[in-house]
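The data block below is my_file36.cif; it holds mmCIF, N, CA and C atoms.
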data_my_file
#
loop_
_atom_site.label_atom_id
_atom_site.label_comp_id
_atom_site.auth_asym_id
_atom_site.auth_seq_id
_atom_site.Cartn_x
_atom_site.Cartn_y
_atom_site.Cartn_z
N MET A 1 -15.77 -30.88 -12.29
CA MET A 1 -15.98 -29.47 -12.01
C MET A 1 -15.48 -28.66 -13.20
N ALA A 2 -16.25 -27.70 -13.63
CA ALA A 2 -15.89 -26.86 -14.78
C ALA A 2 -14.74 -25.93 -14.40
N ALA A 3 -13.99 -25.52 -15.40
CA ALA A 3 -12.88 -24.59 -15.16
C ALA A 3 -13.43 -23.26 -14.65
N GLN A 4 -12.75 -22.70 -13.66
CA GLN A 4 -13.18 -21.44 -13.06
C GLN A 4 -12.42 -20.28 -13.72
N THR A 5 -13.12 -19.20 -13.98
CA THR A 5 -12.50 -17.99 -14.49
C THR A 5 -12.49 -16.97 -13.37
N PHE A 6 -11.32 -16.41 -13.10
CA PHE A 6 -11.18 -15.41 -12.05
C PHE A 6 -11.00 -14.05 -12.70
N LEU A 7 -11.73 -13.07 -12.22
CA LEU A 7 -11.64 -11.70 -12.70
C LEU A 7 -10.93 -10.90 -11.62
N MET A 8 -9.79 -10.32 -11.96
CA MET A 8 -9.05 -9.55 -10.97
C MET A 8 -9.04 -8.08 -11.35
N ARG A 9 -9.30 -7.26 -10.39
CA ARG A 9 -9.19 -5.81 -10.51
C ARG A 9 -8.37 -5.34 -9.34
N GLU A 10 -8.01 -4.07 -9.34
CA GLU A 10 -7.26 -3.54 -8.22
C GLU A 10 -8.08 -3.69 -6.94
N ASN A 11 -7.53 -4.36 -5.97
CA ASN A 11 -8.11 -4.58 -4.64
C ASN A 11 -9.36 -5.45 -4.63
N THR A 12 -9.72 -6.09 -5.73
CA THR A 12 -10.87 -7.00 -5.71
C THR A 12 -10.53 -8.26 -6.48
N MET A 13 -11.24 -9.35 -6.17
CA MET A 13 -11.02 -10.59 -6.88
C MET A 13 -12.32 -11.39 -6.84
N MET A 14 -12.64 -12.05 -7.94
CA MET A 14 -13.79 -12.94 -7.97
C MET A 14 -13.30 -14.32 -7.55
N MET A 15 -13.91 -14.88 -6.50
CA MET A 15 -13.49 -16.18 -6.00
C MET A 15 -14.72 -17.07 -5.83
N PRO A 16 -14.62 -18.34 -6.24
CA PRO A 16 -15.75 -19.24 -6.01
C PRO A 16 -15.77 -19.71 -4.56
N LEU A 17 -16.95 -19.93 -4.02
CA LEU A 17 -17.08 -20.50 -2.69
C LEU A 17 -16.85 -22.00 -2.80
N GLU A 18 -16.42 -22.63 -1.72
CA GLU A 18 -16.21 -24.07 -1.74
C GLU A 18 -17.51 -24.78 -2.05
N GLY A 19 -17.46 -25.72 -2.98
CA GLY A 19 -18.63 -26.51 -3.33
C GLY A 19 -19.68 -25.73 -4.10
N ASN A 20 -19.32 -24.54 -4.57
CA ASN A 20 -20.28 -23.70 -5.28
C ASN A 20 -19.57 -23.13 -6.50
N ASP A 21 -20.18 -23.21 -7.65
CA ASP A 21 -19.57 -22.69 -8.87
C ASP A 21 -19.83 -21.20 -9.08
N THR A 22 -20.60 -20.57 -8.20
CA THR A 22 -20.90 -19.16 -8.34
C THR A 22 -19.79 -18.32 -7.71
N PRO A 23 -19.12 -17.48 -8.51
CA PRO A 23 -18.06 -16.65 -7.93
C PRO A 23 -18.63 -15.55 -7.04
N VAL A 24 -17.86 -15.20 -6.01
CA VAL A 24 -18.26 -14.16 -5.06
C VAL A 24 -17.18 -13.09 -5.08
N LEU A 25 -17.58 -11.83 -5.08
CA LEU A 25 -16.64 -10.72 -5.08
C LEU A 25 -16.07 -10.56 -3.68
N THR A 26 -14.75 -10.57 -3.57
CA THR A 26 -14.09 -10.37 -2.29
C THR A 26 -13.08 -9.24 -2.42
N VAL A 27 -12.77 -8.59 -1.32
CA VAL A 27 -11.78 -7.52 -1.32
C VAL A 27 -10.48 -8.12 -0.81
N ARG A 28 -9.39 -7.81 -1.50
CA ARG A 28 -8.10 -8.28 -1.04
C ARG A 28 -7.23 -7.08 -0.72
N THR A 29 -6.36 -7.22 0.25
CA THR A 29 -5.49 -6.12 0.62
C THR A 29 -4.30 -6.08 -0.32
N ASN A 30 -3.79 -4.89 -0.55
CA ASN A 30 -2.66 -4.70 -1.44
C ASN A 30 -1.39 -4.70 -0.61
N ASN A 31 -0.82 -5.88 -0.37
CA ASN A 31 0.41 -5.99 0.40
C ASN A 31 1.62 -6.12 -0.49
N GLU A 32 1.57 -5.45 -1.63
CA GLU A 32 2.69 -5.44 -2.55
C GLU A 32 3.91 -4.82 -1.86
N THR A 33 5.06 -5.46 -1.99
CA THR A 33 6.29 -4.89 -1.41
C THR A 33 6.99 -4.04 -2.47
N LEU A 34 7.51 -2.92 -2.02
CA LEU A 34 8.19 -1.98 -2.91
C LEU A 34 9.62 -1.76 -2.42
N THR A 35 10.54 -1.59 -3.35
CA THR A 35 11.91 -1.25 -3.01
C THR A 35 11.95 0.21 -2.55
N GLU A 36 13.10 0.61 -2.02
CA GLU A 36 13.28 2.02 -1.62
C GLU A 36 13.01 2.95 -2.80
N SER A 37 13.55 2.60 -3.96
CA SER A 37 13.39 3.44 -5.15
C SER A 37 11.92 3.54 -5.56
N ASP A 38 11.22 2.40 -5.54
CA ASP A 38 9.80 2.39 -5.91
C ASP A 38 8.97 3.20 -4.91
N ALA A 39 9.28 3.03 -3.63
CA ALA A 39 8.54 3.76 -2.58
C ALA A 39 8.79 5.26 -2.70
N ALA A 40 10.04 5.63 -2.93
CA ALA A 40 10.36 7.06 -3.08
C ALA A 40 9.63 7.65 -4.28
N ALA A 41 9.61 6.91 -5.38
CA ALA A 41 8.92 7.39 -6.58
C ALA A 41 7.43 7.53 -6.32
N LYS A 42 6.85 6.58 -5.62
CA LYS A 42 5.41 6.63 -5.33
C LYS A 42 5.06 7.83 -4.47
N LEU A 43 5.96 8.19 -3.53
CA LEU A 43 5.72 9.32 -2.64
C LEU A 43 6.22 10.65 -3.22
N GLY A 44 6.95 10.58 -4.32
CA GLY A 44 7.50 11.81 -4.91
C GLY A 44 8.66 12.36 -4.11
N LEU A 45 9.43 11.47 -3.49
CA LEU A 45 10.57 11.85 -2.65
C LEU A 45 11.84 11.23 -3.21
N LYS A 46 12.97 11.64 -2.65
CA LYS A 46 14.25 11.02 -2.99
C LYS A 46 14.49 9.86 -2.04
N VAL A 47 15.24 8.88 -2.50
CA VAL A 47 15.59 7.73 -1.66
C VAL A 47 16.32 8.21 -0.41
N ALA A 48 17.15 9.22 -0.56
CA ALA A 48 17.90 9.75 0.58
C ALA A 48 16.97 10.28 1.67
N THR A 49 15.84 10.84 1.28
CA THR A 49 14.87 11.32 2.25
C THR A 49 14.28 10.16 3.05
N LEU A 50 13.90 9.08 2.36
CA LEU A 50 13.38 7.91 3.07
C LEU A 50 14.43 7.33 4.01
N ARG A 51 15.67 7.28 3.57
CA ARG A 51 16.75 6.75 4.42
C ARG A 51 16.95 7.63 5.65
N ALA A 52 16.96 8.94 5.46
CA ALA A 52 17.12 9.87 6.59
C ALA A 52 15.96 9.71 7.57
N TRP A 53 14.73 9.66 7.06
CA TRP A 53 13.57 9.48 7.93
C TRP A 53 13.66 8.18 8.70
N ARG A 54 14.10 7.10 8.04
CA ARG A 54 14.23 5.80 8.70
C ARG A 54 15.21 5.89 9.87
N HIS A 55 16.34 6.53 9.67
CA HIS A 55 17.35 6.67 10.71
C HIS A 55 16.88 7.60 11.83
N GLN A 56 15.99 8.52 11.53
CA GLN A 56 15.44 9.44 12.53
C GLN A 56 14.20 8.86 13.22
N GLY A 57 13.76 7.68 12.78
CA GLY A 57 12.56 7.07 13.37
C GLY A 57 11.28 7.71 12.85
N ARG A 58 11.34 8.36 11.71
CA ARG A 58 10.18 9.00 11.10
C ARG A 58 9.81 8.26 9.83
N GLY A 59 8.82 8.78 9.12
CA GLY A 59 8.47 8.23 7.82
C GLY A 59 7.57 7.02 7.90
N PRO A 60 7.31 6.42 6.73
CA PRO A 60 6.41 5.26 6.68
C PRO A 60 7.05 4.02 7.30
N ALA A 61 6.21 3.10 7.75
CA ALA A 61 6.69 1.82 8.26
C ALA A 61 7.42 1.08 7.15
N PHE A 62 8.41 0.27 7.54
CA PHE A 62 9.19 -0.48 6.56
C PHE A 62 9.47 -1.87 7.08
N VAL A 63 9.94 -2.72 6.18
CA VAL A 63 10.29 -4.09 6.51
C VAL A 63 11.76 -4.29 6.18
N ARG A 64 12.50 -4.86 7.13
CA ARG A 64 13.91 -5.16 6.87
C ARG A 64 14.04 -6.67 6.66
N LEU A 65 14.51 -7.06 5.50
CA LEU A 65 14.73 -8.46 5.17
C LEU A 65 16.23 -8.64 4.97
N GLY A 66 16.93 -8.98 6.04
CA GLY A 66 18.38 -9.00 5.99
C GLY A 66 18.87 -7.57 5.83
N ARG A 67 19.57 -7.30 4.75
CA ARG A 67 20.02 -5.93 4.48
C ARG A 67 19.06 -5.17 3.58
N ALA A 68 18.09 -5.87 3.04
CA ALA A 68 17.14 -5.24 2.11
C ALA A 68 16.02 -4.53 2.87
N ILE A 69 15.67 -3.35 2.40
CA ILE A 69 14.56 -2.58 2.96
C ILE A 69 13.42 -2.63 1.97
N ARG A 70 12.24 -2.94 2.45
CA ARG A 70 11.04 -2.96 1.62
C ARG A 70 9.93 -2.20 2.32
N TYR A 71 9.06 -1.62 1.51
CA TYR A 71 7.89 -0.91 2.02
C TYR A 71 6.64 -1.61 1.49
N LEU A 72 5.63 -1.74 2.32
CA LEU A 72 4.36 -2.28 1.88
C LEU A 72 3.53 -1.15 1.30
N ALA A 73 2.88 -1.39 0.18
CA ALA A 73 2.06 -0.36 -0.46
C ALA A 73 0.99 0.15 0.49
N THR A 74 0.42 -0.74 1.31
CA THR A 74 -0.62 -0.32 2.26
C THR A 74 -0.05 0.62 3.31
N ASP A 75 1.21 0.40 3.73
CA ASP A 75 1.85 1.30 4.70
C ASP A 75 2.10 2.68 4.10
N LEU A 76 2.47 2.73 2.83
CA LEU A 76 2.68 4.02 2.17
C LEU A 76 1.37 4.78 2.05
N ASP A 77 0.30 4.07 1.68
CA ASP A 77 -1.02 4.71 1.58
C ASP A 77 -1.46 5.25 2.94
N GLU A 78 -1.23 4.48 3.99
CA GLU A 78 -1.59 4.91 5.35
C GLU A 78 -0.77 6.12 5.78
N PHE A 79 0.53 6.13 5.44
CA PHE A 79 1.41 7.25 5.77
C PHE A 79 0.91 8.53 5.12
N VAL A 80 0.53 8.44 3.87
CA VAL A 80 0.01 9.62 3.16
C VAL A 80 -1.31 10.07 3.80
N LYS A 81 -2.17 9.13 4.13
CA LYS A 81 -3.47 9.45 4.73
C LYS A 81 -3.30 10.14 6.08
N VAL A 82 -2.40 9.63 6.91
CA VAL A 82 -2.18 10.20 8.24
C VAL A 82 -1.55 11.59 8.15
N ASN A 83 -0.74 11.83 7.13
CA ASN A 83 -0.05 13.11 7.01
C ASN A 83 -0.79 14.11 6.13
N ARG A 84 -2.01 13.82 5.81
CA ARG A 84 -2.83 14.73 4.99
C ARG A 84 -3.31 15.88 5.87
N HIS A 85 -3.13 17.09 5.39
CA HIS A 85 -3.56 18.28 6.12
C HIS A 85 -4.48 19.11 5.23
N CYS A 86 -5.55 19.59 5.81
CA CYS A 86 -6.48 20.45 5.09
C CYS A 86 -6.25 21.87 5.54
N PRO A 87 -6.09 22.80 4.60
CA PRO A 87 -5.86 24.19 4.97
C PRO A 87 -7.08 24.79 5.66
N VAL A 88 -6.82 25.68 6.59
CA VAL A 88 -7.89 26.38 7.30
C VAL A 88 -7.86 27.82 6.84
N SER A 89 -9.01 28.33 6.41
CA SER A 89 -9.05 29.71 5.91
C SER A 89 -8.92 30.69 7.07
N GLN A 90 -8.54 31.92 6.75
CA GLN A 90 -8.37 32.97 7.76
C GLN A 90 -9.68 33.28 8.47
N ASP A 91 -10.83 33.11 7.78
CA ASP A 91 -12.14 33.43 8.33
C ASP A 91 -12.52 32.48 9.47
N ARG A 92 -12.00 31.29 9.49
CA ARG A 92 -12.39 30.29 10.47
C ARG A 92 -11.59 30.37 11.76
N ARG A 93 -10.55 31.14 11.81
CA ARG A 93 -9.69 31.24 13.01
C ARG A 93 -10.29 32.08 14.06
#

Taking this structure as input, can you express it in the form of structure tokens?
Amino acid sequence: MAAQTFLMRENTMMMPLEGNDTPVLTVRTNNETLTESDAAAKLGLKVATLRAWRHQGRGPAFVRLGRAIRYLATDLDEFVKVNRHCPVSQDRR
């Protein structure tokens, strides 16, 4: 079998099918784990804000691994999407 070349882009990957040398484009989920600092930077917040929200039961979903707190990139994206608000003009009220 010839060596396979994989082309990776954000959220996509070229993968060969079993028994077939033709690569097929597949979508992969971005389950990258982020530290508190990385998550806060991605959201434009302070780490203290994420900690306060966590203790209040608010904010994005998180993963506790022993004492370590991690956020999944997909959870942060979903949190931003759910909290997106579109302004309503005065004329529409």

Using the chain letters and numbers from the file, give me the residues hit by the PyMOL selection byres ((chain A and resi 35) around 8), as JSON, numbers by chain.
{"A": [32, 33, 34, 36, 37, 38, 39, 40, 41, 68, 69, 70, 71, 72]}

Hey, what's within 10 Å of Gly59 (chain A) if we count only C-alpha atoms and toss same-chain stuff fewer than 2 positions away? As a PyMOL selection string, please?
chain A and resi 49-57+61-62+76+79-80+83

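Note that the spacing between atom C of Val47 (chain A) and atom N of His85 (chain A) amounts to 22.2 Å.
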
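For the pair atom C of Val63 (chain A) and atom N of Asp77 (chain A), the interatomic distance is 14.9 Å.
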
re atom C of Asp75 (chain A) and atom N of Pro60 (chain A): distance 6.9 Å

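For region 30-90 of chain A, a DSSP pass over the backbone yields strand (DSSP E) at Thr33, Leu34, Val63, Arg64, Leu65, Ala68, Ile69, Arg70, Tyr71 and Leu72 of chain A.
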